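Undergrad: A single structure is presented below for examination.
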Amino acid sequence: MSEYIESQILDFIRAELIDAAGQDAVDPDENLFTSGLLDSVGVVRLIAHMQTRLGVHVPPPDLIPAN
């Protein structure tokens with residue numbers, strides 16, 4: 001993943017997910033599900049952001065917790 005895309009995703013997570021959860025930081029390697037920062041609605045929002053703003057396509061088979 002390019003540094004630009006990673007930066008944009010982290011910015012979205014910080015602005016839209018962390019602030020809502022009352023946290024102030026996220027580790028790029030952190031599992032967002034087990035940390036409680038990402039739920040099913042958060043996944044949809046993150047994927048929509050990636051697709052519309054960054055042109056990143058996420059195929060349905062990649063939308064399982066193991067990935």
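Naming scheme: A, B, ... for chains in displayed order of the structure tokens; residues 1 onward per chain; ligands 1 onward as shown.
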Just list as number ranges by chain whatever in chain A DSSP marks as alpha helix (DSSP H).

TA: A: 3-12, 19-21, 40-54

Undergrad: Using only C-alpha atoms, determine which residues lie at most 9 Å from Ile9 of chain A, disregarding the query and same-chain residues fewer than 4 positions distant; provide the list as a list in words.

TA: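 Within the cut-off, the hits are Tyr4, Ile5, Ile13, Arg14, Leu46, His49, Met50 and Leu54 of chain A.
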
Undergrad: Write out, as a JSON list (two decimals), in the first residue's frame, the residues just selected, with all heavy atoms.

TA:
```json
[["chain", "number", "residue", "atom", "x", "y", "z"],
["A", 4, "TYR", "N", 0.76, 7.31, 0.80],
["A", 4, "TYR", "CA", -0.35, 8.26, 0.71],
["A", 4, "TYR", "C", -1.66, 7.60, 1.13],
["A", 4, "TYR", "O", -2.42, 8.15, 1.93],
["A", 4, "TYR", "CB", -0.48, 8.81, -0.71],
["A", 4, "TYR", "CG", -1.72, 9.66, -0.89],
["A", 4, "TYR", "CD1", -1.77, 10.96, -0.40],
["A", 4, "TYR", "CD2", -2.84, 9.15, -1.52],
["A", 4, "TYR", "CE1", -2.91, 11.73, -0.54],
["A", 4, "TYR", "CE2", -3.99, 9.91, -1.67],
["A", 4, "TYR", "CZ", -4.01, 11.20, -1.17],
["A", 4, "TYR", "OH", -5.15, 11.94, -1.31],
["A", 5, "ILE", "N", -1.93, 6.41, 0.58],
["A", 5, "ILE", "CA", -3.17, 5.72, 0.90],
["A", 5, "ILE", "C", -3.20, 5.35, 2.39],
["A", 5, "ILE", "O", -4.21, 5.55, 3.06],
["A", 5, "ILE", "CB", -3.36, 4.47, 0.01],
["A", 5, "ILE", "CG1", -3.63, 4.92, -1.43],
["A", 5, "ILE", "CG2", -4.49, 3.59, 0.52],
["A", 5, "ILE", "CD1", -3.70, 3.79, -2.43],
["A", 13, "ILE", "N", -9.50, 7.04, 10.07],
["A", 13, "ILE", "CA", -9.71, 6.28, 11.31],
["A", 13, "ILE", "C", -9.61, 7.21, 12.52],
["A", 13, "ILE", "O", -10.44, 7.16, 13.42],
["A", 13, "ILE", "CB", -8.70, 5.11, 11.41],
["A", 13, "ILE", "CG1", -9.04, 4.05, 10.36],
["A", 13, "ILE", "CG2", -8.71, 4.51, 12.83],
["A", 13, "ILE", "CD1", -7.98, 2.99, 10.20],
["A", 14, "ARG", "N", -8.61, 8.07, 12.51],
["A", 14, "ARG", "CA", -8.46, 9.02, 13.63],
["A", 14, "ARG", "C", -9.66, 9.96, 13.73],
["A", 14, "ARG", "O", -10.21, 10.18, 14.81],
["A", 14, "ARG", "CB", -7.18, 9.82, 13.47],
["A", 14, "ARG", "CG", -5.94, 9.05, 13.79],
["A", 14, "ARG", "CD", -4.69, 9.94, 13.70],
["A", 14, "ARG", "NE", -3.50, 9.13, 13.69],
["A", 14, "ARG", "CZ", -2.74, 8.90, 12.63],
["A", 14, "ARG", "NH1", -3.02, 9.46, 11.47],
["A", 14, "ARG", "NH2", -1.69, 8.12, 12.71],
["A", 46, "LEU", "N", -15.53, 2.78, 6.43],
["A", 46, "LEU", "CA", -14.13, 2.78, 6.01],
["A", 46, "LEU", "C", -13.99, 2.34, 4.56],
["A", 46, "LEU", "O", -13.28, 2.97, 3.77],
["A", 46, "LEU", "CB", -13.31, 1.87, 6.92],
["A", 46, "LEU", "CG", -11.82, 1.73, 6.59],
["A", 46, "LEU", "CD1", -11.12, 3.08, 6.59],
["A", 46, "LEU", "CD2", -11.15, 0.76, 7.56],
["A", 49, "HIS", "N", -15.22, 5.04, 2.24],
["A", 49, "HIS", "CA", -14.21, 6.09, 2.17],
["A", 49, "HIS", "C", -13.08, 5.68, 1.24],
["A", 49, "HIS", "O", -12.64, 6.46, 0.38],
["A", 49, "HIS", "CB", -13.66, 6.39, 3.57],
["A", 49, "HIS", "CG", -12.51, 7.34, 3.57],
["A", 49, "HIS", "ND1", -12.66, 8.69, 3.39],
["A", 49, "HIS", "CD2", -11.18, 7.11, 3.71],
["A", 49, "HIS", "CE1", -11.47, 9.27, 3.43],
["A", 49, "HIS", "NE2", -10.56, 8.33, 3.62],
["A", 50, "MET", "N", -12.60, 4.46, 1.39],
["A", 50, "MET", "CA", -11.49, 3.98, 0.57],
["A", 50, "MET", "C", -11.88, 3.95, -0.91],
["A", 50, "MET", "O", -11.09, 4.33, -1.77],
["A", 50, "MET", "CB", -11.06, 2.59, 1.02],
["A", 50, "MET", "CG", -10.39, 2.58, 2.38],
["A", 50, "MET", "SD", -10.11, 0.94, 3.05],
["A", 50, "MET", "CE", -9.13, 0.18, 1.78],
["A", 54, "LEU", "N", -10.32, 7.29, -2.36],
["A", 54, "LEU", "CA", -8.99, 6.82, -2.72],
["A", 54, "LEU", "C", -8.96, 5.91, -3.94],
["A", 54, "LEU", "O", -7.90, 5.54, -4.42],
["A", 54, "LEU", "CB", -8.37, 6.07, -1.52],
["A", 54, "LEU", "CG", -8.29, 6.88, -0.23],
["A", 54, "LEU", "CD1", -7.85, 5.99, 0.92],
["A", 54, "LEU", "CD2", -7.35, 8.06, -0.40]]
```

Undergrad: Fewer than 3 positions away in the same chain doesn't count, so skip those; otherwise give me all residues within 8 Å of Leu37 of chain A, counting only C-alpha atoms, as a PyMOL selection string.

TA: chain A and resi 17-18+21+32-34

Undergrad: Identify, on the basis of only C-alpha atoms, every residue whose closest approach to segment 58-63 of chain A does not exceed 10 Å; exclude the query and any residue fewer than 2 positions from it along the same chain; express the result as number ranges by chain.

TA: A: 43-44, 47-48, 50-51, 55-56, 65-67

Undergrad: Can you work out the spacing between atom CA of Ala15 of chain A and atom CA of His57 of chain A in Å, to one decimal?

TA: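 We find that atom CA of Ala15 of chain A and atom CA of His57 of chain A lie 21.5 Å from each other.
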
Undergrad: Work out how far apart atom CA of Gly42 of chain A and atom CA of Ser2 of chain A are and give it in Å to one decimal.

TA: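 Here the two named atoms are 22.1 Å from each other.
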